[in-house]
Amino acid sequence: MNLLYFAWLRQKIGKGEETMALPDGVASVADLIAHLKSLGPGYADAFAEDGRVRVAVNQKHSGLDAKVAADDEIAFFPPVTGG
Amino acid sequence: MNLLYFAWLRQKIGKGEETMALPDGVASVADLIAHLKSLGPGYADAFAEDGRVRVAVNQKHSGLDAKVAADDEIAFFPPVTGG
Amino acid sequence: MIVSVRVQTQDFSLDAEVAALTAEGDPGAVAYFTGHVRKEGNLSSLTLEHYPGMTEAEITRMAQEAASRWPLTGVTVIHRVGRLAPGDRIVLVAVASSHRRAAFEACEFLMDYLKTSAPFWKEEARNGESHWVAARASDDAAMNRWRK
Amino acid sequence: MIVSVRVQTQDFSLDAEVAALTAEGDPGAVAYFTGHVRKEGNLSSLTLEHYPGMTEAEITRMAQEAASRWPLTGVTVIHRVGRLAPGDRIVLVAVASSHRRAAFEACEFLMDYLKTSAPFWKEEARNGESHWVAARASDDAAMNRWRK
(Lines give C-alpha, C1' and ligand atoms only; values in the text may rest on other atoms or scores of the structure.)
Protein backbone atom coordinates (compact mmCIF):
# COMPACT_ATOMS: atom_id res chain seq x y z
CA MET A 1 0.00 0.00 0.00
CA ASN A 2 1.01 3.56 -0.63
CA LEU A 3 0.73 5.86 2.40
CA LEU A 4 0.61 9.66 2.18
CA TYR A 5 0.93 12.18 5.03
CA PHE A 6 0.02 15.86 4.75
CA ALA A 7 0.57 19.05 6.77
CA TRP A 8 1.56 18.43 10.40
CA LEU A 9 1.25 14.65 10.02
CA ARG A 10 3.97 14.84 7.35
CA GLN A 11 6.12 16.96 9.67
CA LYS A 12 5.69 14.71 12.72
CA ILE A 13 6.32 11.50 10.76
CA GLY A 14 9.20 13.09 8.86
CA LYS A 15 8.12 12.06 5.37
CA GLY A 16 5.27 12.68 2.99
CA GLU A 17 4.98 9.27 1.42
CA GLU A 18 5.99 5.67 1.93
CA THR A 19 5.23 2.26 0.49
CA MET A 20 4.43 -0.58 2.86
CA ALA A 21 3.30 -4.19 2.58
CA LEU A 22 -0.13 -4.76 4.14
CA PRO A 23 0.80 -5.59 7.77
CA ASP A 24 -0.49 -8.84 9.26
CA GLY A 25 -3.86 -8.39 10.95
CA VAL A 26 -4.59 -5.03 9.35
CA ALA A 27 -7.98 -4.92 7.64
CA SER A 28 -9.31 -1.42 8.40
CA VAL A 29 -8.05 2.15 8.69
CA ALA A 30 -8.26 1.83 12.50
CA ASP A 31 -6.07 -1.29 12.37
CA LEU A 32 -3.57 0.54 10.16
CA ILE A 33 -3.37 3.52 12.53
CA ALA A 34 -2.76 1.18 15.48
CA HIS A 35 0.06 -0.45 13.51
CA LEU A 36 1.59 2.88 12.45
CA LYS A 37 1.60 4.13 16.08
CA SER A 38 3.92 1.20 16.91
CA LEU A 39 6.52 2.26 14.34
CA GLY A 40 8.15 5.02 16.39
CA PRO A 41 7.65 8.23 18.38
CA GLY A 42 7.01 10.39 15.27
CA TYR A 43 4.13 8.13 14.20
CA ALA A 44 2.86 7.86 17.78
CA ASP A 45 2.85 11.66 18.04
CA ALA A 46 1.14 12.13 14.66
CA PHE A 47 -1.67 9.76 15.58
CA ALA A 48 -1.82 10.62 19.30
CA GLU A 49 -5.28 12.12 18.94
CA ASP A 50 -7.25 9.97 16.52
CA GLY A 51 -10.03 12.54 16.42
CA ARG A 52 -7.77 15.12 14.80
CA VAL A 53 -6.75 12.89 11.88
CA ARG A 54 -8.72 12.53 8.65
CA VAL A 55 -8.21 9.74 6.13
CA ALA A 56 -8.79 9.20 2.43
CA VAL A 57 -8.71 5.73 0.90
CA ASN A 58 -7.99 5.84 -2.82
CA GLN A 59 -8.61 9.60 -2.80
CA LYS A 60 -12.05 9.36 -1.16
CA HIS A 61 -12.79 10.71 2.31
CA SER A 62 -13.22 7.63 4.54
CA GLY A 63 -13.89 6.66 8.13
CA LEU A 64 -11.86 4.65 10.64
CA ASP A 65 -13.84 1.53 9.81
CA ALA A 66 -13.06 1.66 6.06
CA LYS A 67 -11.40 -1.48 4.72
CA VAL A 68 -7.82 -1.28 3.45
CA ALA A 69 -6.11 -3.59 0.94
CA ALA A 70 -2.58 -4.16 -0.31
CA ASP A 71 -2.84 -1.94 -3.39
CA ASP A 72 -4.67 1.01 -1.80
CA GLU A 73 -3.49 4.61 -1.64
CA ILE A 74 -4.19 5.76 1.92
CA ALA A 75 -3.71 9.38 2.94
CA PHE A 76 -3.70 10.84 6.45
CA PHE A 77 -4.17 14.56 7.07
CA PRO A 78 -5.61 17.16 9.47
CA PRO A 79 -9.06 18.71 8.97
CA VAL A 80 -8.83 20.77 5.79
CA THR A 81 -8.37 24.55 5.83
CA GLY A 82 -8.48 25.72 2.22
CA GLY A 83 -10.64 28.31 0.55
CA MET B 1 -41.50 72.97 -11.11
CA ASN B 2 -39.18 70.90 -13.21
CA LEU B 3 -40.77 67.78 -14.69
CA LEU B 4 -38.78 64.81 -16.00
CA TYR B 5 -40.08 61.85 -18.04
CA PHE B 6 -38.15 58.62 -18.59
CA ALA B 7 -38.36 55.56 -20.85
CA TRP B 8 -41.79 55.10 -22.48
CA LEU B 9 -43.26 58.10 -20.65
CA ARG B 10 -40.65 60.27 -22.37
CA GLN B 11 -41.52 58.68 -25.73
CA LYS B 12 -45.29 59.07 -25.32
CA ILE B 13 -45.05 62.66 -24.09
CA GLY B 14 -42.43 63.49 -26.71
CA LYS B 15 -39.94 65.19 -24.42
CA GLY B 16 -37.75 64.27 -21.46
CA GLU B 17 -38.00 67.47 -19.47
CA GLU B 18 -40.10 70.58 -19.12
CA THR B 19 -40.49 73.47 -16.73
CA MET B 20 -43.99 74.40 -15.59
CA ALA B 21 -45.52 76.84 -13.12
CA LEU B 22 -47.40 75.08 -10.32
CA PRO B 23 -50.92 74.74 -11.80
CA ASP B 24 -53.84 76.12 -9.82
CA GLY B 25 -55.35 73.55 -7.48
CA VAL B 26 -52.39 71.14 -7.72
CA ALA B 27 -51.09 70.13 -4.29
CA SER B 28 -50.18 66.44 -4.69
CA VAL B 29 -48.65 64.10 -7.25
CA ALA B 30 -52.15 62.75 -7.99
CA ASP B 31 -53.38 66.32 -8.69
CA LEU B 32 -50.40 66.90 -10.98
CA ILE B 33 -51.05 63.71 -12.96
CA ALA B 34 -54.71 64.71 -13.42
CA HIS B 35 -53.56 68.09 -14.72
CA LEU B 36 -50.94 66.58 -17.07
CA LYS B 37 -53.52 64.18 -18.56
CA SER B 38 -55.49 67.24 -19.69
CA LEU B 39 -52.57 68.65 -21.68
CA GLY B 40 -52.95 66.44 -24.76
CA PRO B 41 -53.21 62.90 -26.11
CA GLY B 42 -49.48 62.10 -25.52
CA TYR B 43 -49.83 62.95 -21.82
CA ALA B 44 -53.17 61.16 -21.59
CA ASP B 45 -51.61 58.04 -23.12
CA ALA B 46 -48.53 58.20 -20.87
CA PHE B 47 -50.65 58.40 -17.72
CA ALA B 48 -53.51 56.19 -18.96
CA GLU B 49 -52.71 53.51 -16.40
CA ASP B 50 -51.75 55.25 -13.17
CA GLY B 51 -50.61 51.94 -11.67
CA ARG B 52 -47.82 51.61 -14.21
CA VAL B 53 -46.26 54.99 -13.44
CA ARG B 54 -43.74 55.61 -10.68
CA VAL B 55 -42.80 59.03 -9.34
CA ALA B 56 -39.85 60.63 -7.61
CA VAL B 57 -40.15 64.02 -5.91
CA ASN B 58 -36.79 65.74 -5.55
CA GLN B 59 -35.07 62.45 -6.48
CA LYS B 60 -36.85 60.39 -3.81
CA HIS B 61 -39.30 57.60 -4.63
CA SER B 62 -42.74 58.97 -3.68
CA GLY B 63 -46.40 58.01 -3.70
CA LEU B 64 -49.41 59.57 -5.41
CA ASP B 65 -50.29 61.43 -2.22
CA ALA B 66 -46.89 63.16 -1.94
CA LYS B 67 -47.10 66.96 -1.81
CA VAL B 68 -45.65 68.97 -4.67
CA ALA B 69 -44.43 72.59 -4.60
CA ALA B 70 -43.37 75.19 -7.15
CA ASP B 71 -39.64 74.51 -6.94
CA ASP B 72 -39.76 70.71 -6.90
CA GLU B 73 -38.10 68.35 -9.37
CA ILE B 74 -40.74 65.74 -10.18
CA ALA B 75 -39.86 62.68 -12.28
CA PHE B 76 -42.28 60.16 -13.83
CA PHE B 77 -41.08 56.75 -15.03
CA PRO B 78 -42.04 53.09 -15.43
CA PRO B 79 -41.10 50.45 -12.84
CA VAL B 80 -37.31 50.16 -12.97
CA THR B 81 -35.54 47.38 -14.87
CA GLY B 82 -31.82 47.84 -14.22
CA GLY B 83 -29.27 45.41 -12.86
CA MET C 1 -15.28 52.17 4.18
CA ILE C 2 -14.58 52.41 0.45
CA VAL C 3 -17.72 53.20 -1.56
CA SER C 4 -17.36 53.61 -5.31
CA VAL C 5 -20.52 54.14 -7.36
CA ARG C 6 -20.34 54.87 -11.07
CA VAL C 7 -22.81 55.05 -13.94
CA GLN C 8 -20.87 54.92 -17.19
CA THR C 9 -21.05 53.91 -20.85
CA GLN C 10 -17.69 52.10 -20.97
CA ASP C 11 -16.85 48.58 -19.81
CA PHE C 12 -14.79 47.95 -16.65
CA SER C 13 -11.90 45.78 -15.53
CA LEU C 14 -12.76 43.37 -12.73
CA ASP C 15 -9.12 43.01 -11.75
CA ALA C 16 -8.62 46.77 -11.47
CA GLU C 17 -11.85 47.20 -9.50
CA VAL C 18 -10.94 44.47 -7.03
CA ALA C 19 -7.46 45.90 -6.52
CA ALA C 20 -9.02 49.28 -5.68
CA LEU C 21 -11.74 47.74 -3.50
CA THR C 22 -9.29 45.75 -1.38
CA ALA C 23 -6.67 48.50 -1.03
CA GLU C 24 -8.08 49.62 2.34
CA GLY C 25 -9.07 47.58 5.37
CA ASP C 26 -8.31 43.87 5.62
CA PRO C 27 -11.01 42.04 3.69
CA GLY C 28 -10.39 38.31 3.49
CA ALA C 29 -13.52 37.87 1.38
CA VAL C 30 -14.85 39.57 -1.74
CA ALA C 31 -18.15 38.60 -3.36
CA TYR C 32 -19.04 39.87 -6.83
CA PHE C 33 -21.82 39.76 -9.33
CA THR C 34 -21.85 40.72 -12.99
CA GLY C 35 -24.96 40.87 -15.15
CA HIS C 36 -24.58 40.23 -18.88
CA VAL C 37 -26.75 41.02 -21.89
CA ARG C 38 -28.40 37.79 -23.08
CA LYS C 39 -27.19 36.40 -26.39
CA GLU C 40 -30.47 34.60 -27.07
CA GLY C 41 -32.07 34.52 -30.45
CA ASN C 42 -33.06 37.73 -32.06
CA LEU C 43 -31.85 40.30 -29.54
CA SER C 44 -29.68 42.76 -31.45
CA SER C 45 -28.99 45.32 -28.74
CA LEU C 46 -30.00 46.57 -25.31
CA THR C 47 -30.12 50.29 -24.50
CA LEU C 48 -30.07 51.47 -20.91
CA GLU C 49 -31.43 54.82 -19.72
CA HIS C 50 -31.06 56.24 -16.21
CA TYR C 51 -32.01 59.26 -14.10
CA PRO C 52 -28.74 61.18 -13.69
CA GLY C 53 -28.28 62.34 -10.14
CA MET C 54 -30.98 60.23 -8.53
CA THR C 55 -29.43 56.99 -9.76
CA GLU C 56 -26.05 57.64 -8.18
CA ALA C 57 -27.69 58.92 -4.98
CA GLU C 58 -29.96 55.85 -4.73
CA ILE C 59 -27.08 53.40 -5.23
CA THR C 60 -24.90 55.22 -2.70
CA ARG C 61 -27.76 55.10 -0.20
CA MET C 62 -28.13 51.34 -0.89
CA ALA C 63 -24.40 50.82 -0.30
CA GLN C 64 -24.65 52.65 3.02
CA GLU C 65 -27.67 50.58 4.00
CA ALA C 66 -25.71 47.40 3.19
CA ALA C 67 -22.82 48.65 5.34
CA SER C 68 -25.24 49.22 8.23
CA ARG C 69 -26.49 45.63 8.00
CA TRP C 70 -23.22 43.75 7.43
CA PRO C 71 -19.59 44.36 8.48
CA LEU C 72 -18.14 45.58 5.15
CA THR C 73 -14.85 47.21 4.21
CA GLY C 74 -15.91 48.31 0.75
CA VAL C 75 -18.59 48.35 -1.94
CA THR C 76 -18.14 48.98 -5.66
CA VAL C 77 -21.13 49.37 -7.97
CA ILE C 78 -20.69 50.08 -11.67
CA HIS C 79 -23.76 50.22 -13.90
CA ARG C 80 -23.44 50.80 -17.61
CA VAL C 81 -25.86 52.90 -19.67
CA GLY C 82 -26.27 53.49 -23.39
CA ARG C 83 -26.28 50.86 -26.11
CA LEU C 84 -24.93 47.40 -25.27
CA ALA C 85 -24.47 44.31 -27.44
CA PRO C 86 -25.34 40.68 -26.61
CA GLY C 87 -22.76 39.28 -24.18
CA ASP C 88 -21.71 42.72 -22.88
CA ARG C 89 -21.43 43.24 -19.16
CA ILE C 90 -24.20 45.48 -17.75
CA VAL C 91 -23.45 45.76 -14.06
CA LEU C 92 -20.86 44.96 -11.42
CA VAL C 93 -21.51 44.74 -7.69
CA ALA C 94 -18.45 43.89 -5.58
CA VAL C 95 -18.50 43.71 -1.78
CA ALA C 96 -15.47 43.27 0.48
CA SER C 97 -15.70 42.03 4.06
CA SER C 98 -13.76 40.06 6.60
CA HIS C 99 -16.59 37.49 6.58
CA ARG C 100 -17.56 35.59 3.43
CA ARG C 101 -21.20 35.15 4.42
CA ALA C 102 -21.53 38.92 4.94
CA ALA C 103 -19.91 39.60 1.55
CA PHE C 104 -22.28 37.19 -0.22
CA GLU C 105 -25.41 38.46 1.50
CA ALA C 106 -24.60 42.14 0.99
CA CYS C 107 -23.78 41.51 -2.68
CA GLU C 108 -27.08 39.70 -3.24
CA PHE C 109 -28.97 42.39 -1.31
CA LEU C 110 -27.45 45.13 -3.48
CA MET C 111 -28.31 43.28 -6.69
CA ASP C 112 -31.92 42.81 -5.55
CA TYR C 113 -32.03 46.48 -4.61
CA LEU C 114 -30.60 47.57 -7.99
CA LYS C 115 -33.18 45.49 -9.83
CA THR C 116 -36.13 46.99 -7.96
CA SER C 117 -35.18 50.48 -6.85
CA ALA C 118 -32.38 52.14 -8.84
CA PRO C 119 -33.81 54.24 -11.69
CA PHE C 120 -32.61 52.38 -14.80
CA TRP C 121 -34.72 51.28 -17.75
CA LYS C 122 -33.86 48.74 -20.44
CA GLU C 123 -35.02 48.91 -24.03
CA GLU C 124 -34.47 45.85 -26.23
CA ALA C 125 -34.08 45.91 -30.01
CA ARG C 126 -35.29 42.75 -31.81
CA ASN C 127 -35.88 42.30 -35.52
CA GLY C 128 -35.68 46.05 -36.07
CA GLU C 129 -38.27 46.84 -33.38
CA SER C 130 -37.67 48.28 -29.93
CA HIS C 131 -39.60 47.61 -26.78
CA TRP C 132 -39.17 48.52 -23.12
CA VAL C 133 -38.43 45.62 -20.80
CA ALA C 134 -41.19 45.05 -18.21
CA ALA C 135 -40.36 44.83 -14.51
CA ARG C 136 -40.56 41.32 -13.08
CA ALA C 137 -42.57 40.29 -10.04
CA SER C 138 -39.79 37.81 -9.18
CA ASP C 139 -37.39 40.73 -8.64
CA ASP C 140 -39.83 42.37 -6.21
CA ALA C 141 -40.18 39.05 -4.40
CA ALA C 142 -36.39 38.76 -4.16
CA MET C 143 -36.17 42.25 -2.66
CA ASN C 144 -38.91 41.51 -0.15
CA ARG C 145 -36.66 38.92 1.50
CA TRP C 146 -34.55 41.78 2.86
CA ARG C 147 -37.30 43.95 4.36
CA LYS C 148 -36.95 44.24 8.10
CA MET D 1 -21.54 22.98 -19.05
CA ILE D 2 -18.08 24.57 -18.74
CA VAL D 3 -16.14 23.23 -15.74
CA SER D 4 -12.64 24.54 -15.19
CA VAL D 5 -10.78 23.42 -12.05
CA ARG D 6 -7.16 24.37 -11.47
CA VAL D 7 -4.71 24.18 -8.58
CA GLN D 8 -1.80 26.46 -9.35
CA THR D 9 0.93 28.59 -7.78
CA GLN D 10 0.41 31.66 -9.99
CA ASP D 11 -2.22 34.39 -9.67
CA PHE D 12 -5.17 34.64 -12.09
CA SER D 13 -6.98 37.29 -14.12
CA LEU D 14 -10.63 37.70 -13.18
CA ASP D 15 -11.43 39.33 -16.53
CA ALA D 16 -9.87 36.48 -18.50
CA GLU D 17 -11.61 33.84 -16.37
CA VAL D 18 -15.01 35.48 -16.78
CA ALA D 19 -14.55 35.78 -20.54
CA ALA D 20 -13.80 32.04 -20.72
CA LEU D 21 -16.62 31.13 -18.33
CA THR D 22 -19.26 33.04 -20.28
CA ALA D 23 -18.09 31.97 -23.76
CA GLU D 24 -20.61 29.10 -23.89
CA GLY D 25 -24.30 29.07 -23.06
CA ASP D 26 -26.23 32.25 -22.35
CA PRO D 27 -25.57 33.18 -18.73
CA GLY D 28 -27.10 36.51 -17.77
CA ALA D 29 -25.68 36.19 -14.27
CA VAL D 30 -22.21 35.45 -12.91
CA ALA D 31 -21.47 35.29 -9.18
CA TYR D 32 -17.88 35.21 -7.93
CA PHE D 33 -15.93 34.95 -4.76
CA THR D 34 -12.26 35.61 -4.08
CA GLY D 35 -10.50 34.85 -0.82
CA HIS D 36 -7.50 36.98 0.12
CA VAL D 37 -4.61 36.49 2.56
CA ARG D 38 -5.20 38.73 5.59
CA LYS D 39 -2.87 41.70 5.97
CA GLU D 40 -3.35 41.82 9.74
CA GLY D 41 -0.52 42.41 12.14
CA ASN D 42 2.36 40.02 12.20
CA LEU D 43 1.45 37.58 9.43
CA SER D 44 4.43 37.42 7.10
CA SER D 45 3.28 34.66 4.73
CA LEU D 46 0.80 31.86 4.18
CA THR D 47 1.84 28.55 2.60
CA LEU D 48 -0.76 26.24 1.11
CA GLU D 49 -0.33 22.51 0.66
CA HIS D 50 -2.71 20.20 -1.19
CA TYR D 51 -3.22 16.54 -2.11
CA PRO D 52 -2.44 16.42 -5.86
CA GLY D 53 -5.00 14.34 -7.71
CA MET D 54 -7.57 14.09 -4.94
CA THR D 55 -7.92 17.88 -4.68
CA GLU D 56 -8.78 18.36 -8.34
CA ALA D 57 -11.10 15.34 -8.30
CA GLU D 58 -12.92 16.59 -5.16
CA ILE D 59 -13.45 20.07 -6.58
CA THR D 60 -14.67 18.70 -9.91
CA ARG D 61 -17.11 16.46 -8.03
CA MET D 62 -18.29 19.52 -6.05
CA ALA D 63 -18.82 21.48 -9.28
CA GLN D 64 -20.89 18.64 -10.69
CA GLU D 65 -22.93 18.45 -7.50
CA ALA D 66 -23.58 22.20 -7.76
CA ALA D 67 -24.69 21.75 -11.38
CA SER D 68 -27.12 19.03 -10.27
CA ARG D 69 -28.69 21.38 -7.71
CA TRP D 70 -28.85 24.62 -9.69
CA PRO D 71 -29.26 25.45 -13.40
CA LEU D 72 -25.67 26.46 -14.23
CA THR D 73 -23.86 27.09 -17.51
CA GLY D 74 -20.36 27.07 -16.06
CA VAL D 75 -18.15 26.81 -12.98
CA THR D 76 -14.55 27.98 -12.59
CA VAL D 77 -12.54 27.16 -9.48
CA ILE D 78 -8.92 28.22 -9.13
CA HIS D 79 -7.10 27.54 -5.88
CA ARG D 80 -3.55 28.66 -5.36
CA VAL D 81 -0.91 26.64 -3.49
CA GLY D 82 2.62 27.43 -2.35
CA ARG D 83 3.78 30.56 -0.54
CA LEU D 84 1.48 33.61 -0.62
CA ALA D 85 1.98 37.11 0.79
CA PRO D 86 -0.53 39.25 2.74
CA GLY D 87 -3.15 40.66 0.36
CA ASP D 88 -2.60 37.92 -2.26
CA ARG D 89 -5.62 36.19 -3.73
CA ILE D 90 -5.98 32.57 -2.57
CA VAL D 91 -9.05 31.27 -4.35
CA LEU D 92 -11.57 32.11 -7.05
CA VAL D 93 -14.99 30.52 -7.42
CA ALA D 94 -17.05 31.82 -10.36
CA VAL D 95 -20.47 30.46 -11.28
CA ALA D 96 -22.47 31.36 -14.40
CA SER D 97 -26.21 30.84 -14.70
CA SER D 98 -29.25 32.33 -16.34
CA HIS D 99 -30.62 33.03 -12.83
CA ARG D 100 -28.82 35.31 -10.39
CA ARG D 101 -30.13 33.55 -7.29
CA ALA D 102 -28.84 30.21 -8.61
CA ALA D 103 -25.44 31.76 -9.37
CA PHE D 104 -25.16 33.24 -5.85
CA GLU D 105 -26.30 30.07 -4.07
CA ALA D 106 -24.05 27.75 -6.08
CA CYS D 107 -21.07 30.06 -5.53
CA GLU D 108 -21.64 30.15 -1.78
CA PHE D 109 -22.20 26.37 -1.70
CA LEU D 110 -18.91 25.77 -3.51
CA MET D 111 -17.00 28.07 -1.14
CA ASP D 112 -18.47 26.29 1.90
CA TYR D 113 -17.57 22.97 0.30
CA LEU D 114 -14.00 24.10 -0.47
CA LYS D 115 -13.54 25.24 3.14
CA THR D 116 -14.67 21.92 4.61
CA SER D 117 -13.93 19.17 2.12
CA ALA D 118 -11.22 19.97 -0.44
CA PRO D 119 -7.82 18.72 0.76
CA PHE D 120 -5.88 21.96 1.30
CA TRP D 121 -3.93 22.98 4.40
CA LYS D 122 -2.72 26.43 5.38
CA GLU D 123 0.45 27.15 7.33
CA GLU D 124 0.97 30.67 8.66
CA ALA D 125 4.35 32.28 9.32
CA ARG D 126 4.36 34.90 12.10
CA ASN D 127 7.38 36.40 13.83
CA GLY D 128 9.64 33.75 12.34
CA GLU D 129 7.48 30.85 13.57
CA SER D 130 5.16 28.66 11.51
CA HIS D 131 1.95 27.05 12.61
CA TRP D 132 -0.81 25.13 10.85
CA VAL D 133 -4.17 26.89 10.71
CA ALA D 134 -6.88 25.02 12.64
CA ALA D 135 -10.19 24.13 10.98
CA ARG D 136 -13.12 26.27 12.14
CA ALA D 137 -16.41 24.95 13.46
CA SER D 138 -18.15 27.90 11.76
CA ASP D 139 -17.09 26.52 8.37
CA ASP D 140 -18.61 23.13 9.19
CA ALA D 141 -21.79 24.87 10.30
CA ALA D 142 -21.88 26.82 7.02
CA MET D 143 -21.55 23.60 5.04
CA ASN D 144 -24.28 21.89 7.04
CA ARG D 145 -26.81 24.37 5.63
CA TRP D 146 -26.51 22.60 2.28
CA ARG D 147 -26.97 18.99 3.44
CA LYS D 148 -30.09 17.45 2.00
# chains A, B, ... in the order shown; residues from 1 in each chain; ligands from 1
$ closest_atom_pairs --of "chain D" --to "chain C" --cutoff "8 Å" --atoms "only C-alpha atoms" --output "CSV"
residue,atom,partner,partner_atom,distance
D:Ser13,CA,C:Asp15,CA,6.5
D:Leu14,CA,C:Asp15,CA,5.7
D:Asp15,CA,C:Leu14,CA,5.7
D:Asp26,CA,C:Lys39,CA,5.9
D:Pro27,CA,C:Arg38,CA,6.9
D:Gly28,CA,C:His36,CA,4.6
D:Ala29,CA,C:Gly35,CA,4.8
D:Val30,CA,C:Thr34,CA,5.3
D:Ala31,CA,C:Phe33,CA,4.5
D:Tyr32,CA,C:Tyr32,CA,4.9
D:Phe33,CA,C:Ala31,CA,4.5
D:Thr34,CA,C:Val30,CA,5.3
D:Gly35,CA,C:Ala29,CA,4.8
D:His36,CA,C:Gly28,CA,4.6
D:Val37,CA,C:Gly28,CA,6.1
D:Arg38,CA,C:Gly28,CA,5.6
D:Lys39,CA,C:Asp26,CA,5.9
D:Glu40,CA,C:Asp26,CA,6.8
D:Arg101,CA,C:Glu108,CA,8.0
D:Phe104,CA,C:Glu108,CA,7.2
D:Glu108,CA,C:Phe104,CA,7.2
$ residues_around --residues "His35 (chain B)" --least-positions-apart "5" --cutoff "10 Å" --atoms "only C-alpha atoms" --output "ChimeraX atom specification"
/B:23-26,29-30,43-44
$ residues_around --residues "region 17-20 of chain A" --least-positions-apart "5" --cutoff "7 Å" --atoms "only C-alpha atoms" --output "PyMOL selection string"
chain A and resi 1-5
$ interface_residues --of "chain A" --to "chain D" --cutoff "10 Å" --atoms "only C-alpha atoms" --output "number ranges by chain"
A: 4-8, 56, 58-61, 75, 77-83
$ write_last_selection --atoms "N, CA and C atoms" --output "PDB file, in the first residue's frame"
ATOM      1  N   LEU A   4       0.297   8.234   2.353  1.00  0.00           N
ATOM      2  CA  LEU A   4       0.614   9.658   2.182  1.00  0.00           C
ATOM      3  C   LEU A   4       0.289  10.403   3.474  1.00  0.00           C
ATOM      4  N   TYR A   5       1.144  11.357   3.825  1.00  0.00           N
ATOM      5  CA  TYR A   5       0.932  12.175   5.032  1.00  0.00           C
ATOM      6  C   TYR A   5       1.010  13.640   4.640  1.00  0.00           C
ATOM      7  N   PHE A   6       0.041  14.438   5.109  1.00  0.00           N
ATOM      8  CA  PHE A   6       0.023  15.865   4.750  1.00  0.00           C
ATOM      9  C   PHE A   6       0.076  16.757   5.993  1.00  0.00           C
ATOM     10  N   ALA A   7       0.544  17.997   5.751  1.00  0.00           N
ATOM     11  CA  ALA A   7       0.568  19.053   6.773  1.00  0.00           C
ATOM     12  C   ALA A   7       1.328  18.585   8.012  1.00  0.00           C
ATOM     13  N   TRP A   8       0.743  18.768   9.223  1.00  0.00           N
ATOM     14  CA  TRP A   8       1.556  18.435  10.403  1.00  0.00           C
ATOM     15  C   TRP A   8       1.764  16.939  10.586  1.00  0.00           C
ATOM     16  N   ALA A  56      -8.192   9.450   3.742  1.00  0.00           N
ATOM     17  CA  ALA A  56      -8.790   9.204   2.430  1.00  0.00           C
ATOM     18  C   ALA A  56      -8.234   7.882   1.912  1.00  0.00           C
ATOM     19  N   ASN A  58      -7.902   5.683  -1.366  1.00  0.00           N
ATOM     20  CA  ASN A  58      -7.987   5.838  -2.824  1.00  0.00           C
ATOM     21  C   ASN A  58      -8.655   7.167  -3.204  1.00  0.00           C
ATOM     22  N   GLN A  59      -8.191   8.218  -2.517  1.00  0.00           N
ATOM     23  CA  GLN A  59      -8.609   9.601  -2.796  1.00  0.00           C
ATOM     24  C   GLN A  59     -10.075   9.880  -2.498  1.00  0.00           C
ATOM     25  N   LYS A  60     -10.679   9.074  -1.618  1.00  0.00           N
ATOM     26  CA  LYS A  60     -12.046   9.363  -1.164  1.00  0.00           C
ATOM     27  C   LYS A  60     -12.039   9.488   0.358  1.00  0.00           C
ATOM     28  N   HIS A  61     -12.675  10.562   0.861  1.00  0.00           N
ATOM     29  CA  HIS A  61     -12.793  10.714   2.307  1.00  0.00           C
ATOM     30  C   HIS A  61     -13.392   9.434   2.897  1.00  0.00           C
ATOM     31  N   ALA A  75      -4.273   8.084   2.546  1.00  0.00           N
ATOM     32  CA  ALA A  75      -3.710   9.379   2.937  1.00  0.00           C
ATOM     33  C   ALA A  75      -4.232   9.797   4.297  1.00  0.00           C
ATOM     34  N   PHE A  77      -4.353  13.101   7.048  1.00  0.00           N
ATOM     35  CA  PHE A  77      -4.167  14.557   7.071  1.00  0.00           C
ATOM     36  C   PHE A  77      -5.061  15.203   8.126  1.00  0.00           C
ATOM     37  N   PRO A  78      -4.747  16.445   8.512  1.00  0.00           N
ATOM     38  CA  PRO A  78      -5.605  17.162   9.467  1.00  0.00           C
ATOM     39  C   PRO A  78      -6.897  17.606   8.779  1.00  0.00           C
ATOM     40  N   PRO A  79      -7.881  18.075   9.572  1.00  0.00           N
ATOM     41  CA  PRO A  79      -9.061  18.710   8.966  1.00  0.00           C
ATOM     42  C   PRO A  79      -8.607  19.783   7.981  1.00  0.00           C
ATOM     43  N   VAL A  80      -9.302  19.894   6.862  1.00  0.00           N
ATOM     44  CA  VAL A  80      -8.834  20.770   5.789  1.00  0.00           C
ATOM     45  C   VAL A  80      -9.101  22.242   6.116  1.00  0.00           C
ATOM     46  N   THR A  81      -8.265  23.114   5.541  1.00  0.00           N
ATOM     47  CA  THR A  81      -8.365  24.554   5.832  1.00  0.00           C
ATOM     48  C   THR A  81      -8.136  25.399   4.579  1.00  0.00           C
ATOM     49  N   GLY A  82      -8.644  24.932   3.448  1.00  0.00           N
ATOM     50  CA  GLY A  82      -8.477  25.718   2.216  1.00  0.00           C
ATOM     51  C   GLY A  82      -9.528  26.804   2.087  1.00  0.00           C
ATOM     52  N   GLY A  83      -9.588  27.345   0.898  1.00  0.00           N
ATOM     53  CA  GLY A  83     -10.641  28.306   0.552  1.00  0.00           C
ATOM     54  C   GLY A  83     -10.295  29.735   0.911  1.00  0.00           C
TER      55      GLY A  83
END
